[in-house]
file start_16.txt (compact mmCIF, C-alpha atoms)
# COMPACT_ATOMS: atom_id res chain seq x y z
CA MET A 1 -3.27 -6.55 6.71
CA GLY A 2 -3.43 -9.36 4.16
CA THR A 3 -2.06 -9.04 0.68
CA THR A 4 -4.60 -8.67 -2.12
CA TYR A 5 -3.60 -9.25 -5.72
CA SER A 6 -5.42 -8.89 -9.00
CA ALA A 7 -4.76 -9.73 -12.62
CA PRO A 8 -3.34 -6.93 -14.80
CA ASP A 9 -5.95 -4.77 -16.55
CA SER A 10 -4.57 -5.86 -19.89
CA VAL A 11 -2.01 -8.55 -20.52
CA PRO A 12 1.28 -7.04 -21.75
CA GLN A 13 2.84 -8.47 -24.86
CA ILE A 14 5.77 -10.26 -23.28
CA HIS A 15 8.76 -11.48 -25.25
CA ALA A 16 11.62 -13.40 -23.66
CA LEU A 17 15.08 -12.55 -24.96
CA GLU A 18 18.37 -14.41 -24.56
CA ASP A 19 18.34 -14.01 -20.77
CA THR A 20 15.58 -16.38 -19.66
CA GLY A 21 14.83 -14.22 -16.62
CA PHE A 22 14.08 -11.18 -18.78
CA GLN A 23 10.63 -10.29 -20.09
CA ARG A 24 10.00 -7.37 -22.44
CA ASP A 25 6.74 -5.49 -22.75
CA SER A 26 6.54 -4.64 -26.45
CA ARG A 27 3.92 -1.91 -25.95
CA ILE A 28 5.11 1.63 -26.60
CA GLY A 29 4.52 3.83 -23.59
CA ARG A 30 5.34 7.40 -22.69
CA LEU A 31 8.12 6.03 -20.47
CA ARG A 32 9.83 2.65 -20.06
CA LEU A 33 10.90 0.97 -16.81
CA LEU A 34 13.06 -2.01 -15.95
CA CYS A 35 11.49 -3.66 -12.88
CA LEU A 36 13.33 -5.70 -10.25
CA HIS A 37 11.51 -7.91 -7.75
CA GLY A 38 12.11 -8.35 -4.04
CA SER A 39 13.65 -11.27 -2.16
CA GLY A 40 11.56 -14.44 -2.31
CA SER A 41 9.65 -13.19 -5.33
CA ASN A 42 9.67 -13.36 -9.13
CA ASN A 43 8.57 -11.55 -12.28
CA ALA A 44 4.95 -12.67 -11.94
CA VAL A 45 4.64 -10.99 -8.55
CA THR A 46 6.22 -7.78 -9.82
CA GLU A 47 3.97 -7.73 -12.86
CA LEU A 48 0.91 -7.70 -10.60
CA GLN A 49 2.45 -5.10 -8.30
CA VAL A 50 3.02 -2.61 -11.11
CA ALA A 51 -0.48 -3.38 -12.43
CA ASN A 52 -1.88 -2.47 -9.01
CA LEU A 53 0.01 0.82 -9.29
CA GLY A 54 -1.67 1.39 -12.64
CA LEU A 55 1.66 2.00 -14.35
CA TRP A 56 0.31 0.98 -17.75
CA SER A 57 -3.47 1.28 -17.38
CA ARG A 58 -3.39 4.78 -15.91
CA HIS A 59 0.04 6.22 -16.68
CA ARG A 60 1.04 4.41 -19.90
CA VAL A 61 4.42 3.42 -18.53
CA ALA A 62 5.71 0.24 -20.19
CA CYS A 63 7.48 -2.23 -17.90
CA ASP A 64 10.14 -4.81 -18.63
CA PHE A 65 10.96 -7.36 -15.94
CA LEU A 66 14.19 -9.05 -14.88
CA GLN A 67 14.29 -12.03 -12.54
CA ALA A 68 17.22 -12.94 -10.30
CA THR A 69 18.91 -16.32 -10.67
CA GLN A 70 19.46 -17.33 -7.03
CA GLU A 71 16.52 -19.48 -5.91
CA THR A 72 15.04 -19.15 -2.44
CA ASP A 73 11.81 -19.72 -0.54
CA ALA A 74 8.79 -17.51 -1.16
CA GLN A 75 8.81 -14.33 0.90
CA ASN A 76 5.65 -15.48 2.70
CA GLN A 77 2.95 -18.12 2.59
CA ILE A 78 0.57 -15.90 0.62
CA LEU A 79 3.02 -15.62 -2.27
CA ALA A 80 3.73 -19.35 -2.05
CA GLN A 81 0.02 -20.11 -2.41
CA LEU A 82 -0.85 -17.56 -5.11
CA PHE A 83 2.21 -17.71 -7.36
CA GLU A 84 4.08 -20.49 -9.07
CA ALA A 85 7.60 -21.31 -7.88
CA PRO A 86 10.49 -20.88 -8.22
CA PHE A 87 11.13 -17.69 -6.28
CA TYR A 88 14.38 -15.76 -6.33
CA GLN A 89 16.62 -13.31 -4.49
CA TRP A 90 19.37 -11.02 -5.79
CA PHE A 91 21.72 -11.90 -2.93
CA ARG A 92 21.52 -13.43 0.56
CA PHE A 93 21.14 -10.79 3.24
CA HIS A 94 22.85 -12.88 5.94
CA HIS A 95 25.83 -13.54 3.67
CA ALA A 96 26.17 -9.82 2.98
CA ILE A 97 26.16 -9.09 6.72
CA LEU A 98 28.62 -11.87 7.60
CA SER A 99 31.01 -10.68 4.89
CA CYS A 100 30.86 -7.16 6.37
CA CYS A 101 29.28 -6.07 3.11
CA SER A 102 32.71 -5.68 1.54
CA SER A 103 32.67 -8.66 -0.78
CA VAL A 104 29.37 -10.12 -1.94
CA PRO A 105 29.98 -12.06 -5.17
CA ALA A 106 26.27 -12.68 -5.79
CA LEU A 107 25.57 -8.95 -5.60
CA SER A 108 28.42 -8.06 -7.95
CA SER A 109 27.30 -10.76 -10.37
CA ALA A 110 23.69 -9.53 -10.27
CA ILE A 111 24.78 -5.95 -10.96
CA ALA A 112 26.86 -7.07 -13.93
CA ARG A 113 23.93 -9.04 -15.33
CA ILE A 114 21.49 -6.16 -14.89
CA MET A 115 23.87 -3.71 -16.57
CA GLN A 116 24.26 -6.13 -19.47
CA VAL A 117 20.48 -6.36 -19.88
CA ILE A 118 20.21 -2.56 -19.77
CA LYS A 119 22.92 -2.26 -22.42
CA ARG A 120 21.31 -4.87 -24.67
CA CYS A 121 17.61 -4.11 -24.13
CA GLY A 122 17.54 -0.44 -23.12
CA PRO A 123 17.58 2.43 -23.01
CA TYR A 124 15.31 2.79 -19.99
CA ASP A 125 13.85 6.00 -18.65
CA GLY A 126 13.81 4.60 -15.12
CA LEU A 127 14.23 1.63 -12.80
CA PHE A 128 11.65 0.18 -10.41
CA GLY A 129 12.55 -1.97 -7.43
CA PHE A 130 10.45 -3.55 -4.70
CA SER A 131 12.03 -4.40 -1.32
CA GLN A 132 15.42 -5.99 -2.09
CA GLY A 133 14.94 -4.79 -5.66
CA ALA A 134 14.97 -1.22 -4.32
CA LEU A 135 18.43 -1.87 -2.88
CA MET A 136 19.59 -3.09 -6.28
CA VAL A 137 18.15 0.04 -7.92
CA THR A 138 20.05 2.22 -5.41
CA CYS A 139 23.35 0.44 -5.98
CA LEU A 140 22.94 0.64 -9.75
CA SER A 141 22.19 4.37 -9.55
CA SER A 142 25.34 5.17 -7.61
CA PRO A 143 28.16 6.72 -9.68
CA LEU A 144 30.39 4.14 -8.03
CA VAL A 145 28.68 1.61 -10.29
CA TRP A 146 27.74 3.30 -13.56
CA LYS A 147 30.75 5.66 -13.63
CA ARG A 148 33.60 4.00 -11.76
CA MET A 149 32.83 0.36 -12.62
CA TYR A 150 31.35 0.81 -16.10
CA GLY A 151 33.01 4.00 -17.32
CA LEU A 152 29.80 5.85 -18.22
CA SER A 153 29.75 9.65 -18.22
CA THR A 154 26.12 9.94 -17.07
CA CYS A 155 23.59 7.67 -15.39
CA PRO A 156 21.78 5.70 -18.14
CA TRP A 157 18.34 6.35 -16.57
CA ARG A 158 16.70 9.52 -15.26
CA PHE A 159 14.64 8.26 -12.33
CA VAL A 160 14.00 5.40 -9.92
CA ILE A 161 10.99 4.14 -7.99
CA CYS A 162 11.92 2.45 -4.70
CA ALA A 163 8.89 0.62 -3.30
CA ASN A 164 8.82 -0.74 0.26
CA ALA A 165 12.60 -1.00 0.51
CA GLY A 166 13.85 -3.48 3.09
CA GLY A 167 17.21 -4.41 4.59
CA THR A 168 18.78 -1.05 3.80
CA SER A 169 21.29 -1.40 6.66
CA VAL A 170 23.26 -3.66 4.30
CA LEU A 171 24.08 -0.60 2.20
CA GLN A 172 25.80 1.26 5.02
CA ARG A 173 29.04 -0.73 4.75
CA LEU A 174 28.78 -1.87 1.16
CA ARG A 175 31.88 -1.29 -0.96
CA PHE A 176 32.45 -1.21 -4.70
CA GLN A 177 36.07 -1.50 -5.81
CA GLY A 178 37.20 -0.51 -2.32
CA HIS A 179 34.97 2.57 -2.10
CA ARG A 180 32.10 2.74 0.39
CA LEU A 181 28.74 3.52 -1.17
CA LYS A 182 27.82 5.52 1.93
CA GLU A 183 30.69 7.96 1.30
CA HIS A 184 29.38 8.93 -2.14
CA LEU A 185 25.98 10.31 -1.21
CA PRO A 186 23.52 11.63 -1.95
CA ILE A 187 22.81 10.30 -5.44
CA CYS A 188 22.03 13.60 -7.13
CA SER A 189 21.84 12.90 -10.87
CA ILE A 190 18.34 11.38 -10.97
CA PHE A 191 14.80 11.78 -9.59
CA SER A 192 13.62 9.30 -6.97
CA LEU A 193 10.14 8.28 -5.82
CA HIS A 194 9.86 6.32 -2.57
CA LEU A 195 6.69 4.35 -1.82
CA VAL A 196 6.49 3.60 1.91
CA GLY A 197 3.91 1.38 3.63
CA ARG A 198 2.40 2.91 6.76
CA GLN A 199 1.96 -0.58 8.25
CA ASP A 200 5.14 -2.03 6.76
CA GLY A 201 7.33 -3.77 9.32
CA HIS A 202 10.27 -2.55 7.22
CA ARG A 203 9.07 1.06 7.17
CA SER A 204 12.13 2.43 8.97
CA ALA A 205 14.40 0.71 6.45
CA SER A 206 12.32 2.05 3.58
CA GLU A 207 12.56 5.60 4.90
CA ALA A 208 16.29 5.21 5.61
CA LEU A 209 16.88 4.69 1.90
CA ILE A 210 15.64 8.21 1.19
CA GLU A 211 18.88 9.71 2.51
CA TYR A 212 20.74 8.07 -0.36
CA PHE A 213 19.05 10.41 -2.86
CA GLN A 214 18.98 14.17 -3.24
CA ASP A 215 15.89 14.71 -5.40
CA VAL A 216 13.19 12.87 -3.43
CA THR A 217 9.44 12.41 -3.71
CA LYS A 218 7.90 10.38 -0.90
CA HIS A 219 4.45 8.82 -0.77
CA ILE A 220 3.09 6.83 2.17
CA HIS A 221 0.44 4.25 1.29
CA PRO A 222 -1.79 2.73 3.98
CA TYR A 223 -0.66 -0.91 3.64
CA GLY A 224 2.18 -3.16 4.74
CA HIS A 225 5.08 -4.74 2.87
CA GLU A 226 3.01 -5.03 -0.28
CA LEU A 227 1.50 -3.18 -3.22
CA PRO A 228 -2.04 -4.60 -3.10
CA MET A 229 -5.04 -4.27 -5.41
CA PRO A 230 -6.79 -1.40 -3.56
CA LEU A 231 -3.95 0.90 -4.64
CA LYS A 232 -5.59 0.92 -8.08
CA ASP A 233 -8.28 3.17 -6.64
CA ASP A 234 -5.98 5.33 -4.52
CA ALA A 235 -6.47 8.81 -6.01
CA GLU A 236 -3.69 10.36 -3.94
CA LEU A 237 -1.17 7.78 -5.14
CA ALA A 238 -2.34 8.18 -8.74
CA ALA A 239 -1.86 11.94 -8.53
CA CYS A 240 1.61 11.49 -7.00
CA LEU A 241 2.67 9.08 -9.75
CA SER A 242 1.23 11.29 -12.47
CA ALA A 243 3.06 14.38 -11.22
CA PHE A 244 6.29 12.41 -10.84
CA PHE A 245 6.12 10.92 -14.34
CA ASP A 246 5.24 14.33 -15.83
CA ARG A 247 8.31 15.82 -14.22
CA CYS A 248 10.53 12.98 -15.42
CA LYS A 249 9.12 13.20 -18.94
CA ILE A 250 9.71 16.97 -19.12
CA SER A 251 13.30 16.42 -17.98
CA ILE A 252 13.92 13.71 -20.56
CA VAL A 253 12.38 15.74 -23.39
CA GLY A 254 14.35 18.79 -22.31
CA GLU A 255 17.63 16.87 -22.39
CA SER A 256 16.87 15.52 -25.86
CA HIS A 257 16.76 19.12 -27.17
CA LEU A 258 20.07 20.17 -25.67
call {"tool": "encode", "arguments": {"input": "start_16.txt", "output": "structure tokens"}}
result
Amino acid sequence: MGTTYSAPDSVPQIHALEDTGFQRDSRIGRLRLLCLHGSGSNNAVTELQVANLGLWSRHRVACDFLQATQETDAQNQILAQLFEAPFYQWFRFHHAILSCCSSVPALSSAIARIMQVIKRCGPYDGLFGFSQGALMVTCLSSPLVWKRMYGLSTCPWRFVICANAGGTSVLQRLRFQGHRLKEHLPICSIFSLHLVGRQDGHRSASEALIEYFQDVTKHIHPYGHELPMPLKDDAELAACLSAFFDRCKISIVGESHL
């Protein structure tokens, strides 16, 4: 099924900070997300994806965007035709596989950059990642990263949204400071929502990511490796997102009164 995109319902007030790949939405929402794109994509694509989910128009969730720095080809010809280059990836999948997933400098560098943006521009209530971005969100949410590598006592965000995750087999042998990510599962300190495409060629990889989390909400949408415009009118998805955000908001408010 072909990808269908639309312009956001209302243009967010975007402000670029020191990191040229970062864009801040200055609107005040009930929750705030940092959004990470997939491989062969960029901030413009992600902005339209979250608009198609109605994150601001329906749920009043403000979204900041961070773009990777490693240039690559567009994920497909549709993106190449509809969106302006350059396109980016967080790391090269084939390099991660060839290195046995034990030493991927681009991945480590990307994680360090994302954590720096979170420290400087946060706090964030949650992280959103599409495809390869969902893998980044999973790595960042592991205590191997925020606790062992960065010395934090708790995860800095309360929830993640992993949309159409792809290439999750890379995570099975991935190591941080000599410790395998797979051996420190499930990630139990946060809520997770997994959006899975019924016709997605990467569906099995997307569903495999679910085992990395303990508190899981899963929603299957009827499309492929995409978050297209018709999702705006998907009442079942809207209800799922609303219930998920309500639960996350209650948790965050509850913690603030402890």
call {"tool": "closest_atom_pairs", "arguments": {"input": "start_16.txt", "of": "range 114-226 of chain A", "to": "range 43-48 of chain A", "cutoff": "10 Å", "atoms": "all atoms listed in the file", "output": "JSON lines"}}
result
{"residue": "A:Phe128", "atom": "CA", "partner": "A:Thr46", "partner_atom": "CA", "distance": 9.7}
{"residue": "A:Gly129", "atom": "CA", "partner": "A:Thr46", "partner_atom": "CA", "distance": 8.9}
{"residue": "A:Phe130", "atom": "CA", "partner": "A:Thr46", "partner_atom": "CA", "distance": 7.9}
call {"tool": "closest_residue", "arguments": {"input": "start_16.txt", "among": "A:His59, A:His37, A:Arg27, A:Lys232", "to": "Lys249 in chain A", "atoms": "only C-alpha atoms"}}
result
A:His59
call {"tool": "closest_atom_pairs", "arguments": {"input": "start_16.txt", "of": "range 56-87 of chain A", "to": "range 29-34 of chain A", "cutoff": "9 Å", "atoms": "only C-alpha atoms", "output": "CSV"}}
result
residue,atom,partner,partner_atom,distance
A:Trp56,CA,A:Gly29,CA,7.7
A:His59,CA,A:Arg30,CA,8.1
A:Arg60,CA,A:Gly29,CA,5.1
A:Val61,CA,A:Leu31,CA,4.9
A:Ala62,CA,A:Arg32,CA,4.8
A:Cys63,CA,A:Leu33,CA,4.8
A:Asp64,CA,A:Leu34,CA,4.9
A:Phe65,CA,A:Leu34,CA,5.7
A:Leu66,CA,A:Leu34,CA,7.2
call {"tool": "closest_residue", "arguments": {"input": "start_16.txt", "among": "A:Thr154, A:Leu171, A:Arg24, A:Gly54", "to": "Pro230 in chain A", "atoms": "only C-alpha atoms"}}
result
A:Gly54
call {"tool": "residues_near_point", "arguments": {"input": "start_16.txt", "point": "(35.6, 2.4, -3.1)", "cutoff": "12 Å", "atoms": "only C-alpha atoms", "output": "number ranges by chain"}}
result
A: 102-103, 142-145, 148-149, 173-184
call {"tool": "residues_near_point", "arguments": {"input": "start_16.txt", "point": "(8.4, -3.6, 2.8)", "cutoff": "6 Å", "atoms": "all atoms listed in the file", "output": "list in words"}}
result
Ser131, Asn164, Ala165, Gly166, Asp200, His202 and His225 of chain A
call {"tool": "residues_around", "arguments": {"input": "start_16.txt", "residues": "Gly40 in chain A", "least_positions_apart": "5", "cutoff": "12 Å", "atoms": "only C-alpha atoms", "output": "JSON, numbers by chain"}}
result
{"A": [45, 46, 67, 68, 69, 70, 71, 72, 73, 74, 75, 76, 77, 78, 79, 80, 83, 84, 85, 86, 87, 88, 89, 90, 91, 92, 93, 130, 131, 132, 133]}
call {"tool": "residues_around", "arguments": {"input": "start_16.txt", "residues": "His194 in chain A", "least_positions_apart": "4", "cutoff": "9 Å", "atoms": "all atoms listed in the file", "output": "list in words"}}
result
Val160, Ile161, Cys162, Ala163, Asn164, Ala165, Ser206, Glu207, Leu209, Ile210, Val216, Thr217, Lys218, His219 and Ile220 of chain A
call {"tool": "axis_aligned_box", "arguments": {"input": "start_16.txt", "around": "range 151-159 of chain A", "padding_each_side": "4 Å", "output": "AutoDock Vina command-line options"}}
result
--center_x 23.8 --center_y 7.0 --center_z -15.3 --size_x 26.4 --size_y 13.9 --size_z 13.9
call {"tool": "residues_around", "arguments": {"input": "start_16.txt", "residues": "range 111-118 of chain A", "least_positions_apart": "6", "cutoff": "9 Å", "atoms": "all atoms listed in the file", "output": "PyMOL selection string"}}
result
chain A and resi 19+22+34+66+124+136+139-140+145-146+150+156
call {"tool": "write_last_selection", "arguments": {"input": "start_16.txt", "atoms": "C-alpha atoms", "output": "mmCIF file, in the frame of the given file"}}
result
data_model
loop_
_atom_site.group_PDB
_atom_site.id
_atom_site.type_symbol
_atom_site.label_atom_id
_atom_site.label_comp_id
_atom_site.auth_asym_id
_atom_site.auth_seq_id
_atom_site.Cartn_x
_atom_site.Cartn_y
_atom_site.Cartn_z
ATOM 1 C CA ASP A 19 18.340 -14.010 -20.770
ATOM 2 C CA PHE A 22 14.080 -11.180 -18.780
ATOM 3 C CA LEU A 34 13.060 -2.010 -15.950
ATOM 4 C CA LEU A 66 14.190 -9.050 -14.880
ATOM 5 C CA TYR A 124 15.310 2.790 -19.990
ATOM 6 C CA MET A 136 19.590 -3.090 -6.280
ATOM 7 C CA CYS A 139 23.350 0.440 -5.980
ATOM 8 C CA LEU A 140 22.940 0.640 -9.750
ATOM 9 C CA VAL A 145 28.680 1.610 -10.290
ATOM 10 C CA TRP A 146 27.740 3.300 -13.560
ATOM 11 C CA TYR A 150 31.350 0.810 -16.100
ATOM 12 C CA PRO A 156 21.780 5.700 -18.140
#
call {"tool": "closest_residue", "arguments": {"input": "start_16.txt", "among": "A:Pro228, A:Asp233, A:Tyr223, A:Leu193", "to": "Arg247 in chain A", "atoms": "only C-alpha atoms"}}
result
A:Leu193
call {"tool": "atom_distance", "arguments": {"input": "start_16.txt", "atom1": "CA of Ser109 in chain A", "atom2": "CA of Leu185 in chain A"}}
result
23.0 Å
call {"tool": "closest_residue", "arguments": {"input": "start_16.txt", "among": "A:Pro186, A:Leu152, A:Gln214, A:Leu231", "to": "Lys119 in chain A", "atoms": "all atoms listed in the file"}}
result
A:Leu152
call {"tool": "atom_distance", "arguments": {"input": "start_16.txt", "atom1": "CA of Pro105 in chain A", "atom2": "CA of Gly201 in chain A"}}
result
28.1 Å
call {"tool": "closest_residue", "arguments": {"input": "start_16.txt", "among": "A:Ile28, A:Cys155, A:Val170, A:Leu237", "to": "Ala205 in chain A", "atoms": "only C-alpha atoms"}}
result
A:Val170
call {"tool": "atom_distance", "arguments": {"input": "start_16.txt", "atom1": "CA of Leu36 in chain A", "atom2": "CA of Ser108 in chain A"}}
result
15.4 Å
call {"tool": "closest_residue", "arguments": {"input": "start_16.txt", "among": "A:Leu107, A:Gly21, A:Phe191, A:Thr168", "to": "Arg203 in chain A", "atoms": "all atoms listed in the file"}}
result
A:Thr168
call {"tool": "build_atoms", "arguments": {"input": "start_16.txt", "residues": "range 140-151 of chain A", "atoms": "all heavy atoms", "output": "PDB file, keeping the file's coordinate frame"}}
result
ATOM      1  N   LEU A 140      22.750   0.385  -8.323  1.00  0.00           N
ATOM      2  CA  LEU A 140      22.940   0.640  -9.750  1.00  0.00           C
ATOM      3  C   LEU A 140      22.997   2.126 -10.064  1.00  0.00           C
ATOM      4  O   LEU A 140      23.688   2.550 -10.992  1.00  0.00           O
ATOM      5  CB  LEU A 140      21.815  -0.016 -10.551  1.00  0.00           C
ATOM      6  CG  LEU A 140      21.833  -1.540 -10.611  1.00  0.00           C
ATOM      7  CD1 LEU A 140      20.439  -2.075 -10.956  1.00  0.00           C
ATOM      8  CD2 LEU A 140      22.855  -2.017 -11.639  1.00  0.00           C
ATOM      9  N   SER A 141      22.269   2.935  -9.288  1.00  0.00           N
ATOM     10  CA  SER A 141      22.190   4.370  -9.550  1.00  0.00           C
ATOM     11  C   SER A 141      23.348   5.150  -8.967  1.00  0.00           C
ATOM     12  O   SER A 141      23.491   6.349  -9.229  1.00  0.00           O
ATOM     13  CB  SER A 141      20.866   4.922  -8.996  1.00  0.00           C
ATOM     14  OG  SER A 141      19.756   4.305  -9.615  1.00  0.00           O
ATOM     15  N   SER A 142      24.181   4.506  -8.167  1.00  0.00           N
ATOM     16  CA  SER A 142      25.340   5.170  -7.610  1.00  0.00           C
ATOM     17  C   SER A 142      26.416   5.355  -8.678  1.00  0.00           C
ATOM     18  O   SER A 142      26.698   4.436  -9.448  1.00  0.00           O
ATOM     19  CB  SER A 142      25.924   4.350  -6.455  1.00  0.00           C
ATOM     20  OG  SER A 142      27.195   4.860  -6.081  1.00  0.00           O
ATOM     21  N   PRO A 143      27.058   6.528  -8.725  1.00  0.00           N
ATOM     22  CA  PRO A 143      28.160   6.720  -9.680  1.00  0.00           C
ATOM     23  C   PRO A 143      29.319   5.763  -9.444  1.00  0.00           C
ATOM     24  O   PRO A 143      30.138   5.552 -10.335  1.00  0.00           O
ATOM     25  CB  PRO A 143      28.569   8.186  -9.464  1.00  0.00           C
ATOM     26  CG  PRO A 143      28.001   8.575  -8.145  1.00  0.00           C
ATOM     27  CD  PRO A 143      26.763   7.754  -7.963  1.00  0.00           C
ATOM     28  N   LEU A 144      29.381   5.160  -8.257  1.00  0.00           N
ATOM     29  CA  LEU A 144      30.390   4.140  -8.030  1.00  0.00           C
ATOM     30  C   LEU A 144      30.206   2.962  -8.976  1.00  0.00           C
ATOM     31  O   LEU A 144      31.174   2.276  -9.317  1.00  0.00           O
ATOM     32  CB  LEU A 144      30.350   3.657  -6.584  1.00  0.00           C
ATOM     33  CG  LEU A 144      30.959   4.570  -5.528  1.00  0.00           C
ATOM     34  CD1 LEU A 144      30.812   3.949  -4.145  1.00  0.00           C
ATOM     35  CD2 LEU A 144      32.417   4.850  -5.825  1.00  0.00           C
ATOM     36  N   VAL A 145      28.958   2.718  -9.375  1.00  0.00           N
ATOM     37  CA  VAL A 145      28.680   1.610 -10.290  1.00  0.00           C
ATOM     38  C   VAL A 145      28.736   2.065 -11.741  1.00  0.00           C
ATOM     39  O   VAL A 145      29.572   1.596 -12.515  1.00  0.00           O
ATOM     40  CB  VAL A 145      27.305   0.970  -9.966  1.00  0.00           C
ATOM     41  CG1 VAL A 145      26.932  -0.069 -11.021  1.00  0.00           C
ATOM     42  CG2 VAL A 145      27.352   0.316  -8.591  1.00  0.00           C
ATOM     43  N   TRP A 146      27.808   2.972 -12.135  1.00  0.00           N
ATOM     44  CA  TRP A 146      27.740   3.300 -13.560  1.00  0.00           C
ATOM     45  C   TRP A 146      28.934   4.104 -14.072  1.00  0.00           C
ATOM     46  O   TRP A 146      29.287   4.009 -15.247  1.00  0.00           O
ATOM     47  CB  TRP A 146      26.428   4.004 -13.907  1.00  0.00           C
ATOM     48  CG  TRP A 146      26.108   5.265 -13.147  1.00  0.00           C
ATOM     49  CD1 TRP A 146      25.266   5.384 -12.087  1.00  0.00           C
ATOM     50  CD2 TRP A 146      26.603   6.582 -13.399  1.00  0.00           C
ATOM     51  NE1 TRP A 146      25.195   6.691 -11.651  1.00  0.00           N
ATOM     52  CE2 TRP A 146      26.011   7.451 -12.450  1.00  0.00           C
ATOM     53  CE3 TRP A 146      27.471   7.128 -14.341  1.00  0.00           C
ATOM     54  CZ2 TRP A 146      26.273   8.822 -12.398  1.00  0.00           C
ATOM     55  CZ3 TRP A 146      27.742   8.492 -14.292  1.00  0.00           C
ATOM     56  CH2 TRP A 146      27.152   9.324 -13.342  1.00  0.00           C
ATOM     57  N   LYS A 147      29.596   4.850 -13.198  1.00  0.00           N
ATOM     58  CA  LYS A 147      30.750   5.660 -13.630  1.00  0.00           C
ATOM     59  C   LYS A 147      32.065   4.944 -13.369  1.00  0.00           C
ATOM     60  O   LYS A 147      32.856   4.709 -14.288  1.00  0.00           O
ATOM     61  CB  LYS A 147      30.734   7.009 -12.920  1.00  0.00           C
ATOM     62  CG  LYS A 147      31.838   7.958 -13.382  1.00  0.00           C
ATOM     63  CD  LYS A 147      31.696   9.317 -12.695  1.00  0.00           C
ATOM     64  CE  LYS A 147      32.740  10.299 -13.205  1.00  0.00           C
ATOM     65  NZ  LYS A 147      32.580  11.640 -12.563  1.00  0.00           N
ATOM     66  N   ARG A 148      32.308   4.570 -12.106  1.00  0.00           N
ATOM     67  CA  ARG A 148      33.600   4.000 -11.760  1.00  0.00           C
ATOM     68  C   ARG A 148      33.764   2.576 -12.293  1.00  0.00           C
ATOM     69  O   ARG A 148      34.822   2.211 -12.814  1.00  0.00           O
ATOM     70  CB  ARG A 148      33.805   4.004 -10.243  1.00  0.00           C
ATOM     71  CG  ARG A 148      35.191   3.549  -9.798  1.00  0.00           C
ATOM     72  CD  ARG A 148      35.345   3.687  -8.297  1.00  0.00           C
ATOM     73  NE  ARG A 148      35.321   5.073  -7.882  1.00  0.00           N
ATOM     74  CZ  ARG A 148      36.395   5.865  -7.857  1.00  0.00           C
ATOM     75  NH1 ARG A 148      37.570   5.398  -8.242  1.00  0.00           N
ATOM     76  NH2 ARG A 148      36.284   7.111  -7.433  1.00  0.00           N
ATOM     77  N   MET A 149      32.717   1.753 -12.195  1.00  0.00           N
ATOM     78  CA  MET A 149      32.830   0.360 -12.620  1.00  0.00           C
ATOM     79  C   MET A 149      32.600   0.182 -14.109  1.00  0.00           C
ATOM     80  O   MET A 149      33.209  -0.684 -14.740  1.00  0.00           O
ATOM     81  CB  MET A 149      31.836  -0.515 -11.835  1.00  0.00           C
ATOM     82  CG  MET A 149      32.165  -0.640 -10.354  1.00  0.00           C
ATOM     83  SD  MET A 149      30.909  -1.577  -9.429  1.00  0.00           S
ATOM     84  CE  MET A 149      31.008  -3.178 -10.229  1.00  0.00           C
ATOM     85  N   TYR A 150      31.710   1.025 -14.701  1.00  0.00           N
ATOM     86  CA  TYR A 150      31.350   0.810 -16.100  1.00  0.00           C
ATOM     87  C   TYR A 150      31.758   1.950 -17.023  1.00  0.00           C
ATOM     88  O   TYR A 150      31.487   1.897 -18.215  1.00  0.00           O
ATOM     89  CB  TYR A 150      29.842   0.540 -16.202  1.00  0.00           C
ATOM     90  CG  TYR A 150      29.491  -0.819 -15.640  1.00  0.00           C
ATOM     91  CD1 TYR A 150      29.170  -0.974 -14.290  1.00  0.00           C
ATOM     92  CD2 TYR A 150      29.535  -1.957 -16.439  1.00  0.00           C
ATOM     93  CE1 TYR A 150      28.892  -2.222 -13.764  1.00  0.00           C
ATOM     94  CE2 TYR A 150      29.264  -3.206 -15.913  1.00  0.00           C
ATOM     95  CZ  TYR A 150      28.945  -3.334 -14.577  1.00  0.00           C
ATOM     96  OH  TYR A 150      28.685  -4.572 -14.058  1.00  0.00           O
ATOM     97  N   GLY A 151      32.409   2.960 -16.488  1.00  0.00           N
ATOM     98  CA  GLY A 151      33.010   4.000 -17.320  1.00  0.00           C
ATOM     99  C   GLY A 151      32.030   4.894 -18.052  1.00  0.00           C
ATOM    100  O   GLY A 151      32.390   5.495 -19.066  1.00  0.00           O
TER     101      GLY A 151
END
